$ cat data_29.pdb   # PDB, C-alpha atoms and all ligand atoms
ATOM      1  CA  MET A   1     -10.160  16.547   7.815
ATOM      2  CA  ALA A   2      -9.789  18.414   4.510
ATOM      3  CA  ALA A   3      -8.938  16.040   1.692
ATOM      4  CA  ASP A   4      -7.984  16.931  -1.836
ATOM      5  CA  LEU A   5      -9.126  14.058  -4.048
ATOM      6  CA  GLY A   6      -7.320  14.069  -7.360
ATOM      7  CA  HIS A   7      -8.231  10.626  -8.685
ATOM      8  CA  GLY A   8     -10.523  12.015 -11.367
ATOM      9  CA  THR A   9      -7.607  13.700 -13.088
ATOM     10  CA  ALA A  10      -5.561  10.605 -13.971
ATOM     11  CA  THR A  11      -5.199  10.206 -17.744
ATOM     12  CA  GLU A  12      -3.539   8.021 -20.396
ATOM     13  CA  SER A  13      -0.426  10.172 -20.121
ATOM     14  CA  ASP A  14       0.062   8.598 -16.680
ATOM     15  CA  ARG A  15       1.358   5.607 -18.657
ATOM     16  CA  ASN A  16       4.599   7.507 -18.926
ATOM     17  CA  SER A  17       4.910   6.746 -15.223
ATOM     18  CA  ARG A  18       4.379  10.333 -14.202
ATOM     19  CA  ALA A  19       3.198  10.493 -10.620
ATOM     20  CA  PHE A  20      -0.276  11.895  -9.965
ATOM     21  CA  GLY A  21      -1.739  13.224  -6.732
ATOM     22  CA  VAL A  22      -4.359  10.942  -5.197
ATOM     23  CA  LEU A  23      -5.118  12.297  -1.731
ATOM     24  CA  LYS A  24      -3.519  15.060   0.281
ATOM     25  CA  THR A  25      -4.407  15.861   3.880
ATOM     26  CA  PRO A  26      -2.397  17.817   6.445
ATOM     27  CA  VAL A  27      -1.041  14.467   7.649
ATOM     28  CA  VAL A  28      -0.600  12.203   4.643
ATOM     29  CA  ASP A  29       0.295  12.711   1.004
ATOM     30  CA  ILE A  30      -0.700   9.898  -1.363
ATOM     31  CA  VAL A  31       0.667   9.656  -4.871
ATOM     32  CA  GLY A  32      -0.150   7.158  -7.636
ATOM     33  CA  VAL A  33       1.937   5.840 -10.526
ATOM     34  CA  ARG A  34       0.831   3.639 -13.412
ATOM     35  CA  LEU A  35       3.197   0.725 -13.771
ATOM     36  CA  ASP A  36       2.386  -0.199 -17.385
ATOM     37  CA  ALA A  37       4.899   2.300 -18.770
ATOM     38  CA  PRO A  38       6.210   1.935 -22.321
ATOM     39  CA  ALA A  39       9.437  -0.106 -22.545
ATOM     40  CA  GLU A  40      11.601   2.954 -23.262
ATOM     41  CA  VAL A  41      10.343   4.612 -20.053
ATOM     42  CA  SER A  42      11.099   1.578 -17.885
ATOM     43  CA  ALA A  43      14.511   1.218 -19.596
ATOM     44  CA  ALA A  44      15.347   4.780 -18.527
ATOM     45  CA  LEU A  45      14.039   4.145 -15.006
ATOM     46  CA  TRP A  46      16.329   1.101 -14.694
ATOM     47  CA  GLN A  47      19.239   3.555 -14.422
ATOM     48  CA  LEU A  48      17.867   4.839 -11.111
ATOM     49  CA  LEU A  49      17.869   1.462  -9.338
ATOM     50  CA  SER A  50      20.504   0.205  -6.911
ATOM     51  CA  ARG A  51      22.383  -3.028  -7.503
ATOM     52  CA  ASP A  52      20.118  -4.881  -5.029
ATOM     53  CA  GLU A  53      16.993  -3.577  -6.748
ATOM     54  CA  ARG A  54      18.318  -4.605 -10.168
ATOM     55  CA  GLU A  55      19.089  -8.079  -8.841
ATOM     56  CA  ARG A  56      15.576  -8.341  -7.443
ATOM     57  CA  ALA A  57      14.105  -7.128 -10.747
ATOM     58  CA  GLU A  58      16.063  -9.748 -12.659
ATOM     59  CA  LYS A  59      14.533 -12.540 -10.569
ATOM     60  CA  PHE A  60      11.003 -11.939 -11.916
ATOM     61  CA  ARG A  61      10.015 -14.692 -14.292
ATOM     62  CA  TYR A  62       7.634 -12.608 -16.387
ATOM     63  CA  ALA A  63       8.850  -9.501 -18.220
ATOM     64  CA  GLU A  64       5.683  -7.643 -17.280
ATOM     65  CA  HIS A  65       6.244  -8.215 -13.551
ATOM     66  CA  ARG A  66       9.877  -7.181 -13.913
ATOM     67  CA  GLN A  67       8.820  -3.981 -15.655
ATOM     68  CA  TYR A  68       6.241  -3.184 -12.975
ATOM     69  CA  TYR A  69       8.852  -3.695 -10.271
ATOM     70  CA  ILE A  70      11.322  -1.376 -12.058
ATOM     71  CA  VAL A  71       8.719   1.374 -12.464
ATOM     72  CA  ALA A  72       7.422   0.992  -8.880
ATOM     73  CA  HIS A  73      10.847   1.175  -7.253
ATOM     74  CA  ALA A  74      12.392   3.816  -9.533
ATOM     75  CA  SER A  75       9.296   5.953  -8.899
ATOM     76  CA  LEU A  76       9.683   5.449  -5.145
ATOM     77  CA  ARG A  77      13.258   6.728  -5.464
ATOM     78  CA  ARG A  78      12.123   9.738  -7.484
ATOM     79  CA  LEU A  79       9.328  10.635  -5.047
ATOM     80  CA  LEU A  80      11.581  10.294  -2.008
ATOM     81  CA  ALA A  81      14.383  12.211  -3.739
ATOM     82  CA  GLU A  82      12.029  15.167  -4.317
ATOM     83  CA  ARG A  83      11.178  15.204  -0.622
ATOM     84  CA  LEU A  84      14.787  14.774   0.522
ATOM     85  CA  ARG A  85      16.144  17.171  -2.141
ATOM     86  CA  ILE A  86      18.762  14.694  -3.313
ATOM     87  CA  ALA A  87      19.280  12.596  -6.455
ATOM     88  CA  PRO A  88      17.097   9.451  -6.793
ATOM     89  CA  GLY A  89      20.188   7.235  -6.860
ATOM     90  CA  ALA A  90      21.344   8.676  -3.517
ATOM     91  CA  VAL A  91      18.284   7.476  -1.579
ATOM     92  CA  GLU A  92      19.286   4.740   0.882
ATOM     93  CA  PHE A  93      16.924   2.215   2.430
ATOM     94  CA  VAL A  94      16.958  -0.153   5.376
ATOM     95  CA  GLU A  95      14.475  -2.893   6.255
ATOM     96  CA  THR A  96      13.035  -3.633   9.667
ATOM     97  CA  LYS A  97      13.187  -7.221  10.927
ATOM     98  CA  PHE A  98       9.623  -7.632   9.620
ATOM     99  CA  GLY A  99      10.647  -6.491   6.148
ATOM    100  CA  LYS A 100       9.224  -2.956   6.214
ATOM    101  CA  PRO A 101      11.377  -0.690   4.040
ATOM    102  CA  ARG A 102      12.316   2.637   5.640
ATOM    103  CA  LEU A 103      14.748   5.429   4.889
ATOM    104  CA  ALA A 104      18.282   4.761   6.137
ATOM    105  CA  PRO A 105      19.483   6.666   9.245
ATOM    106  CA  VAL A 106      21.515   8.972   6.974
ATOM    107  CA  HIS A 107      18.188  10.604   5.942
ATOM    108  CA  ARG A 108      16.791  10.748   9.492
ATOM    109  CA  SER A 109      16.823  14.556   9.751
ATOM    110  CA  ALA A 110      14.221  14.770   6.938
ATOM    111  CA  ASP A 111      11.757  12.835   9.127
ATOM    112  CA  VAL A 112      10.008  11.279   6.111
ATOM    113  CA  GLU A 113       8.054   8.042   6.544
ATOM    114  CA  PHE A 114       6.637   6.191   3.562
ATOM    115  CA  ASN A 115       4.900   3.033   2.466
ATOM    116  CA  LEU A 116       4.197   1.476  -0.917
ATOM    117  CA  SER A 117       1.532  -0.856  -2.287
ATOM    118  CA  HIS A 118       0.842  -2.180  -5.760
ATOM    119  CA  SER A 119      -1.953  -4.073  -7.478
ATOM    120  CA  GLY A 120      -2.691  -4.565 -11.176
ATOM    121  CA  ILE A 121      -1.098  -1.669 -13.043
ATOM    122  CA  LEU A 122      -1.165   0.747 -10.111
ATOM    123  CA  ALA A 123       1.361   1.661  -7.398
ATOM    124  CA  LEU A 124       0.421   3.903  -4.487
ATOM    125  CA  TYR A 125       2.851   5.707  -2.221
ATOM    126  CA  ALA A 126       1.969   7.271   1.146
ATOM    127  CA  PHE A 127       4.234   9.876   2.757
ATOM    128  CA  THR A 128       4.047  11.426   6.241
ATOM    129  CA  SER A 129       6.374  13.435   8.438
ATOM    130  CA  GLY A 130       7.528  11.246  11.243
ATOM    131  CA  ARG A 131       4.402   9.080  11.636
ATOM    132  CA  ALA A 132       4.227   5.386  10.926
ATOM    133  CA  VAL A 133       2.127   4.860   7.787
ATOM    134  CA  GLY A 134       0.800   1.890   5.837
ATOM    135  CA  ILE A 135      -1.090   1.760   2.566
ATOM    136  CA  ASP A 136      -2.843  -0.962   0.596
ATOM    137  CA  VAL A 137      -4.450  -0.956  -2.849
ATOM    138  CA  GLU A 138      -6.406  -3.699  -4.585
ATOM    139  CA  LEU A 139      -7.776  -4.051  -8.089
ATOM    140  CA  LEU A 140     -11.575  -4.255  -7.852
ATOM    141  CA  ARG A 141     -12.642  -7.753  -8.812
ATOM    142  CA  GLU A 142     -15.063 -10.537  -7.960
ATOM    143  CA  ILE A 143     -13.909 -12.589  -4.956
ATOM    144  CA  PRO A 144     -15.855 -15.849  -5.402
ATOM    145  CA  ASP A 145     -14.452 -17.361  -2.174
ATOM    146  CA  ALA A 146     -14.882 -14.202  -0.064
ATOM    147  CA  ASP A 147     -16.677 -16.079   2.747
ATOM    148  CA  ASP A 148     -13.966 -18.741   3.025
ATOM    149  CA  LEU A 149     -11.155 -16.189   2.917
ATOM    150  CA  ALA A 150     -12.889 -14.097   5.572
ATOM    151  CA  GLU A 151     -13.265 -17.187   7.750
ATOM    152  CA  ARG A 152      -9.517 -17.814   7.437
ATOM    153  CA  PHE A 153      -8.190 -14.272   7.796
ATOM    154  CA  PHE A 154     -10.723 -11.845   9.259
ATOM    155  CA  SER A 155     -11.897 -11.480  12.860
ATOM    156  CA  ARG A 156     -15.150 -13.104  13.961
ATOM    157  CA  ARG A 157     -16.919  -9.755  13.951
ATOM    158  CA  GLU A 158     -15.771  -8.876  10.400
ATOM    159  CA  THR A 159     -16.685 -12.333   9.105
ATOM    160  CA  ALA A 160     -20.175 -12.058  10.601
ATOM    161  CA  LEU A 161     -20.675  -8.583   9.113
ATOM    162  CA  LEU A 162     -19.605  -9.834   5.691
ATOM    163  CA  ARG A 163     -21.923 -12.852   5.797
ATOM    164  CA  ALA A 164     -24.834 -10.586   6.705
ATOM    165  CA  LEU A 165     -24.480  -8.689   3.407
ATOM    166  CA  PRO A 166     -26.346  -9.616   0.222
ATOM    167  CA  LEU A 167     -24.161 -11.776  -2.055
ATOM    168  CA  ASP A 168     -23.766  -9.060  -4.686
ATOM    169  CA  ARG A 169     -22.130  -6.704  -2.168
ATOM    170  CA  ARG A 170     -19.705  -9.159  -0.608
ATOM    171  CA  SER A 171     -16.738  -8.868  -3.031
ATOM    172  CA  LEU A 172     -16.539  -5.110  -2.607
ATOM    173  CA  ALA A 173     -16.963  -5.301   1.176
ATOM    174  CA  PHE A 174     -14.326  -8.043   1.307
ATOM    175  CA  LEU A 175     -11.850  -5.825  -0.568
ATOM    176  CA  ALA A 176     -12.738  -2.821   1.609
ATOM    177  CA  CYS A 177     -12.033  -4.880   4.729
ATOM    178  CA  TRP A 178      -8.879  -6.411   3.239
ATOM    179  CA  THR A 179      -7.315  -3.064   2.218
ATOM    180  CA  ARG A 180      -8.115  -1.559   5.636
ATOM    181  CA  LYS A 181      -6.571  -4.508   7.472
ATOM    182  CA  GLU A 182      -3.460  -4.581   5.282
ATOM    183  CA  ALA A 183      -2.985  -0.833   5.622
ATOM    184  CA  PHE A 184      -2.943  -1.298   9.394
ATOM    185  CA  ILE A 185      -0.532  -4.258   9.505
ATOM    186  CA  LYS A 186       1.766  -2.377   7.127
ATOM    187  CA  ALA A 187       1.557   0.790   9.241
ATOM    188  CA  VAL A 188       2.518  -1.022  12.442
ATOM    189  CA  GLY A 189       5.178  -2.642  10.290
ATOM    190  CA  LEU A 190       4.474  -6.212  11.346
ATOM    191  CA  GLY A 191       3.136  -7.308   7.954
ATOM    192  CA  PHE A 192       1.598 -10.758   8.110
ATOM    193  CA  SER A 193       3.400 -11.371  11.424
ATOM    194  CA  CYS A 194       0.430  -9.479  12.906
ATOM    195  CA  PRO A 195      -2.525 -11.871  13.274
ATOM    196  CA  LEU A 196      -5.309 -10.457  11.126
ATOM    197  CA  ASP A 197      -7.926 -11.440  13.715
ATOM    198  CA  ALA A 198      -6.196  -9.406  16.452
ATOM    199  CA  PHE A 199      -8.057  -6.251  15.423
ATOM    200  CA  ASP A 200     -11.329  -5.163  13.791
ATOM    201  CA  VAL A 201     -11.997  -2.617  11.059
ATOM    202  CA  THR A 202     -15.257  -1.377   9.583
ATOM    203  CA  ILE A 203     -16.101  -3.266   6.384
ATOM    204  CA  ASP A 204     -18.818  -1.150   4.758
ATOM    205  CA  PRO A 205     -17.229   0.406   1.629
ATOM    206  CA  SER A 206     -19.499   3.437   1.834
ATOM    207  CA  ALA A 207     -18.922   4.132   5.555
ATOM    208  CA  PRO A 208     -15.815   5.736   7.091
ATOM    209  CA  ALA A 209     -12.845   3.421   7.507
ATOM    210  CA  LEU A 210     -12.149   2.917  11.215
ATOM    211  CA  ILE A 211     -10.162   0.592  13.420
ATOM    212  CA  THR A 212     -12.620  -0.379  16.140
ATOM    213  CA  ARG A 213     -10.590  -2.897  18.189
ATOM    214  CA  ILE A 214      -6.929  -3.797  18.606
ATOM    215  CA  GLU A 215      -5.703  -6.465  21.011
ATOM    216  CA  GLU A 216      -3.646  -4.860  23.766
ATOM    217  CA  ARG A 217      -0.517  -6.876  22.950
ATOM    218  CA  ILE A 218      -0.432  -5.195  19.478
ATOM    219  CA  ASP A 219      -1.372  -1.530  20.113
ATOM    220  CA  ARG A 220      -4.226   0.826  21.082
ATOM    221  CA  VAL A 221      -7.133   1.996  18.903
ATOM    222  CA  ALA A 222      -6.613   5.610  19.977
ATOM    223  CA  ASN A 223      -3.151   5.647  18.403
ATOM    224  CA  TRP A 224      -4.373   5.058  14.854
ATOM    225  CA  ALA A 225      -6.315   6.804  12.119
ATOM    226  CA  MET A 226      -7.494   5.325   8.852
ATOM    227  CA  GLN A 227      -8.978   6.540   5.600
ATOM    228  CA  ALA A 228     -10.435   4.661   2.618
ATOM    229  CA  PHE A 229     -10.498   6.126  -0.893
ATOM    230  CA  THR A 230     -10.742   5.416  -4.617
ATOM    231  CA  PRO A 231      -7.227   5.992  -5.931
ATOM    232  CA  TYR A 232      -7.936   5.332  -9.604
ATOM    233  CA  PRO A 233     -10.916   3.988 -11.564
ATOM    234  CA  GLY A 234     -11.325   0.273 -10.822
ATOM    235  CA  TYR A 235      -9.226   0.234  -7.634
ATOM    236  CA  ILE A 236      -9.907   0.460  -3.891
ATOM    237  CA  ALA A 237      -7.412   1.595  -1.248
ATOM    238  CA  ALA A 238      -6.911   2.463   2.400
ATOM    239  CA  VAL A 239      -4.220   4.214   4.397
ATOM    240  CA  ALA A 240      -3.509   3.915   8.139
ATOM    241  CA  TYR A 241      -1.218   6.170  10.152
ATOM    242  CA  ARG A 242      -0.228   6.828  13.732
ATOM    243  CA  GLN A 243      -2.128   9.782  15.216
TER     244      GLN A 243
HETATM  245  C1  LIG B 301       3.818  -6.339   3.829
HETATM  246  C2  LIG B 301       2.831  -7.358   3.254
HETATM  247  C3  LIG B 301       1.640  -7.438   4.182
HETATM  248  C4  LIG B 301       2.487  -6.798   1.865
HETATM  249  O1  LIG B 301       1.733  -7.631   1.118
HETATM  250  P1  LIG B 301       1.115  -7.430  -0.363
HETATM  251  O2  LIG B 301      -0.312  -7.099  -0.276
HETATM  252  O3  LIG B 301       1.532  -8.648  -1.085
HETATM  253  O4  LIG B 301       1.850  -6.244  -1.093
HETATM  254  P2  LIG B 301       1.646  -4.671  -1.236
HETATM  255  O5  LIG B 301       1.782  -4.382  -2.676
HETATM  256  O6  LIG B 301       0.489  -4.089  -0.519
HETATM  257  O7  LIG B 301       2.944  -4.129  -0.465
HETATM  258  C5  LIG B 301       4.213  -4.529  -0.862
HETATM  259  C6  LIG B 301       5.186  -3.484  -0.357
HETATM  260  O8  LIG B 301       5.039  -3.306   1.063
HETATM  261  C7  LIG B 301       6.303  -2.979   1.606
HETATM  262  N1  LIG B 301       6.513  -3.897   2.724
HETATM  263  C8  LIG B 301       7.149  -5.093   2.775
HETATM  264  N2  LIG B 301       7.125  -5.586   4.038
HETATM  265  C9  LIG B 301       6.458  -4.692   4.789
HETATM  266  C10 LIG B 301       6.088  -4.642   6.195
HETATM  267  N3  LIG B 301       6.419  -5.599   7.054
HETATM  268  N4  LIG B 301       5.380  -3.571   6.625
HETATM  269  C11 LIG B 301       5.034  -2.583   5.779
HETATM  270  N5  LIG B 301       5.351  -2.569   4.447
HETATM  271  C12 LIG B 301       6.057  -3.619   3.970
HETATM  272  C13 LIG B 301       7.333  -3.101   0.486
HETATM  273  O9  LIG B 301       7.607  -1.804  -0.008
HETATM  274  C14 LIG B 301       6.611  -3.905  -0.562
HETATM  275  O10 LIG B 301       6.984  -3.562  -1.872
HETATM  276  P3  LIG B 301       7.876  -4.554  -2.766
HETATM  277  O11 LIG B 301       7.292  -5.923  -2.597
HETATM  278  O12 LIG B 301       7.744  -4.045  -4.158
HETATM  279  O13 LIG B 301       9.240  -4.441  -2.210
HETATM  280  C15 LIG B 301       3.477  -8.778   3.189
HETATM  281  O14 LIG B 301       4.328  -8.844   2.080
HETATM  282  C16 LIG B 301       4.278  -9.111   4.438
HETATM  283  O15 LIG B 301       3.779  -9.460   5.478
HETATM  284  N6  LIG B 301       5.598  -9.030   4.340
HETATM  285  C17 LIG B 301       6.477  -9.208   5.474
HETATM  286  C18 LIG B 301       7.289 -10.462   5.282
HETATM  287  C19 LIG B 301       8.181 -10.643   6.471
HETATM  288  O16 LIG B 301       7.717 -10.815   7.582
HETATM  289  N7  LIG B 301       9.495 -10.556   6.223
HETATM  290  C20 LIG B 301      10.439 -10.548   7.277
HETATM  291  C21 LIG B 301      11.496 -11.564   7.067
HETATM  292  S1  LIG B 301      10.985 -13.133   7.688
END

$ encode --input "data_29.pdb" --output "C-alpha cells"
Amino acid sequence: MAADLGHGTATESDRNSRAFGVLKTPVVDIVGVRLDAPAEVSAALWQLLSRDERERAEKFRYAEHRQYYIVAHASLRRLLAERLRIAPGAVEFVETKFGKPRLAPVHRSADVEFNLSHSGILALYAFTSGRAVGIDVELLREIPDADDLAERFFSRRETALLRALPLDRRSLAFLACWTRKEAFIKAVGLGFSCPLDAFDVTIDPSAPALITRIEERIDRVANWAMQAFTPYPGYIAAVAYRQ
C-alpha cells in the first residue's frame, strides 16, 4: 500500500502545536502534534475545550501533564472539526462502555472514526472513514524489565521470540510488540479488557507489523490490518484498523 511518510519534516515550529502529517494511506490518515506548546498557545487552546474536558484537565496534579492534556484534546477537536467542517467547540463525543471515545451520533453522517495516543511530548491521531481504528505511540527508551513485563502481558509465542533476541535488541522489540498490541486492543475498542495474550503480533521492529493469531472469542485475523512506523524522532508507533 502506498504510504506517504512525513516524519522527517517535523521541526521546532511544531512546538506551536501545529499538526504535522505522519502517514497517509488510502485507508488511514495519521497526524502528529507536539504537546510541549508554549504556555500562551495552550492558554488559547483551553478555549476550545468542553466543560468536561476542562474539569478533567484541572484534575492533573502536575502543570506539565495538564498542559499536555489541553493541547492533546484541543488538537483532537481541531482535527475532527476540519474533517466535519464545523467549529472545534461543536464537536461532540460519546464513550463506549469500554471507554473508547467516538464521535456522537449527531456526526454519524460524516462516517469519521478516530483514535488518539500520547507518549512523552507527542500525540498521534489516526482517522479513517467508517473503519474501527486504534493507534499507539511510545517514547523509545530502555525497558530494563522487558522479560518480566513480557511474561506478564504478552502471549507465550511473543515472550519466547523476545527472549530469543540478544539483550541489546530486547527493549526496542518489546516496544514494537507493545505498540502493536495496544493498537489492536484500542482498535477493537476493548482496551485492557481484552486479554493481551489472546492474540499474537510480530515483534521484530524491522519486519512488517502483522497480527498472526486472534482467539475466536475476540475476532478473526482476516478482519484486521496493521502498520508500524516511526512517527517522530525517538518514538515508535503502530496503527491497527478493520479491513
Ligand atoms: C485504552 C488504553 C489501552 C490506553 O492506554 P494508554 O497506553 O495508557 O494510553 P494511550 O495514550 O495510548 O491512549 C489513551 C487514549 O486512548 C483513548 N481510549 C481510551 N479508552 C479507549 C478504549 N477502550 N479503546 C480505544 N481507545 C481508548 C482515549 O482517547 C485516550 O486518551 P485520553 O486518556 O487523553 O482521554 C487503556 O487506557 C484502557 O484500557 N482503557 C480502558 C479503560 C476502561 O475499560 N474503561 C471503561 C470503564 S470501566

$ resolve_selection --input "data_29.pdb" --expression "the PyMOL selection byres (((chain A and resi 67) around 12) and not hetatm)" --output "ChimeraX atom specification"
/A:17,34-46,54,56-66,68-74,121

$ write_last_selection --input "data_29.pdb" --atoms "C-alpha atoms" --output "JSON list (two decimals), in the frame of the given file"
[["chain", "number", "residue", "atom", "x", "y", "z"],
["A", 17, "SER", "CA", 4.91, 6.75, -15.22],
["A", 34, "ARG", "CA", 0.83, 3.64, -13.41],
["A", 35, "LEU", "CA", 3.20, 0.72, -13.77],
["A", 36, "ASP", "CA", 2.39, -0.20, -17.39],
["A", 37, "ALA", "CA", 4.90, 2.30, -18.77],
["A", 38, "PRO", "CA", 6.21, 1.94, -22.32],
["A", 39, "ALA", "CA", 9.44, -0.11, -22.54],
["A", 40, "GLU", "CA", 11.60, 2.95, -23.26],
["A", 41, "VAL", "CA", 10.34, 4.61, -20.05],
["A", 42, "SER", "CA", 11.10, 1.58, -17.89],
["A", 43, "ALA", "CA", 14.51, 1.22, -19.60],
["A", 44, "ALA", "CA", 15.35, 4.78, -18.53],
["A", 45, "LEU", "CA", 14.04, 4.14, -15.01],
["A", 46, "TRP", "CA", 16.33, 1.10, -14.69],
["A", 54, "ARG", "CA", 18.32, -4.61, -10.17],
["A", 56, "ARG", "CA", 15.58, -8.34, -7.44],
["A", 57, "ALA", "CA", 14.10, -7.13, -10.75],
["A", 58, "GLU", "CA", 16.06, -9.75, -12.66],
["A", 59, "LYS", "CA", 14.53, -12.54, -10.57],
["A", 60, "PHE", "CA", 11.00, -11.94, -11.92],
["A", 61, "ARG", "CA", 10.02, -14.69, -14.29],
["A", 62, "TYR", "CA", 7.63, -12.61, -16.39],
["A", 63, "ALA", "CA", 8.85, -9.50, -18.22],
["A", 64, "GLU", "CA", 5.68, -7.64, -17.28],
["A", 65, "HIS", "CA", 6.24, -8.22, -13.55],
["A", 66, "ARG", "CA", 9.88, -7.18, -13.91],
["A", 68, "TYR", "CA", 6.24, -3.18, -12.98],
["A", 69, "TYR", "CA", 8.85, -3.70, -10.27],
["A", 70, "ILE", "CA", 11.32, -1.38, -12.06],
["A", 71, "VAL", "CA", 8.72, 1.37, -12.46],
["A", 72, "ALA", "CA", 7.42, 0.99, -8.88],
["A", 73, "HIS", "CA", 10.85, 1.18, -7.25],
["A", 74, "ALA", "CA", 12.39, 3.82, -9.53],
["A", 121, "ILE", "CA", -1.10, -1.67, -13.04]]

$ axis_aligned_box --input "data_29.pdb" --around "range 166-171 of chain A" --padding-each-side "8 Å" --output "AutoDock Vina command-line options"
--center_x -21.5 --center_y -9.2 --center_z -2.2 --size_x 25.6 --size_y 21.1 --size_z 20.9

$ resolve_selection --input "data_29.pdb" --expression "the PyMOL selection byres (((not hetatm)) within 10 of (chain B and resi 301))" --output "count of residues only"
53

$ resolve_selection --input "data_29.pdb" --expression "the PyMOL selection byres (((chain A and resi 173) around 6) and not hetatm)" --output "PyMOL selection string"
chain A and resi 170-172+174-176+203-205

$ atom_distance --input "data_29.pdb" --atom1 "CA of Pro195 in chain A" --atom2 "CA of Phe154 in chain A"
9.1 Å

$ decode --input "data_29.pdb" --residues "range 70-76 of chain A" --atoms "all heavy atoms" --output "compact mmCIF listing (two decimals), in the first residue's frame"
# COMPACT_ATOMS: atom_id res chain seq x y z
N ILE A 70 -4.45 19.46 27.68
CA ILE A 70 -5.17 20.55 26.99
C ILE A 70 -4.79 20.55 25.51
O ILE A 70 -5.66 20.60 24.63
CB ILE A 70 -4.81 21.92 27.64
CG1 ILE A 70 -5.33 21.98 29.06
CG2 ILE A 70 -5.34 23.08 26.79
CD1 ILE A 70 -4.76 23.14 29.89
N VAL A 71 -3.49 20.47 25.23
CA VAL A 71 -3.05 20.52 23.82
C VAL A 71 -3.57 19.28 23.07
O VAL A 71 -4.07 19.39 21.95
CB VAL A 71 -1.51 20.63 23.72
CG1 VAL A 71 -1.07 20.63 22.26
CG2 VAL A 71 -1.01 21.89 24.43
N ALA A 72 -3.48 18.11 23.71
CA ALA A 72 -3.90 16.87 23.02
C ALA A 72 -5.39 16.92 22.67
O ALA A 72 -5.79 16.58 21.56
CB ALA A 72 -3.61 15.65 23.90
N HIS A 73 -6.21 17.37 23.61
CA HIS A 73 -7.66 17.31 23.38
C HIS A 73 -8.17 18.49 22.56
O HIS A 73 -9.11 18.32 21.76
CB HIS A 73 -8.40 17.09 24.70
CG HIS A 73 -8.24 15.67 25.16
ND1 HIS A 73 -9.16 14.70 24.87
CD2 HIS A 73 -7.21 15.05 25.79
CE1 HIS A 73 -8.71 13.54 25.34
NE2 HIS A 73 -7.53 13.73 25.91
N ALA A 74 -7.56 19.66 22.70
CA ALA A 74 -7.95 20.78 21.83
C ALA A 74 -7.54 20.46 20.39
O ALA A 74 -8.27 20.75 19.44
CB ALA A 74 -7.30 22.07 22.30
N SER A 75 -6.39 19.82 20.22
CA SER A 75 -5.94 19.46 18.87
C SER A 75 -6.86 18.41 18.26
O SER A 75 -7.15 18.45 17.06
CB SER A 75 -4.50 18.93 18.91
OG SER A 75 -3.65 19.91 19.45
N LEU A 76 -7.32 17.46 19.08
CA LEU A 76 -8.27 16.47 18.58
C LEU A 76 -9.52 17.18 18.06
O LEU A 76 -10.03 16.87 16.98
CB LEU A 76 -8.64 15.48 19.71
CG LEU A 76 -9.72 14.47 19.36
CD1 LEU A 76 -9.26 13.54 18.23
CD2 LEU A 76 -10.10 13.63 20.59
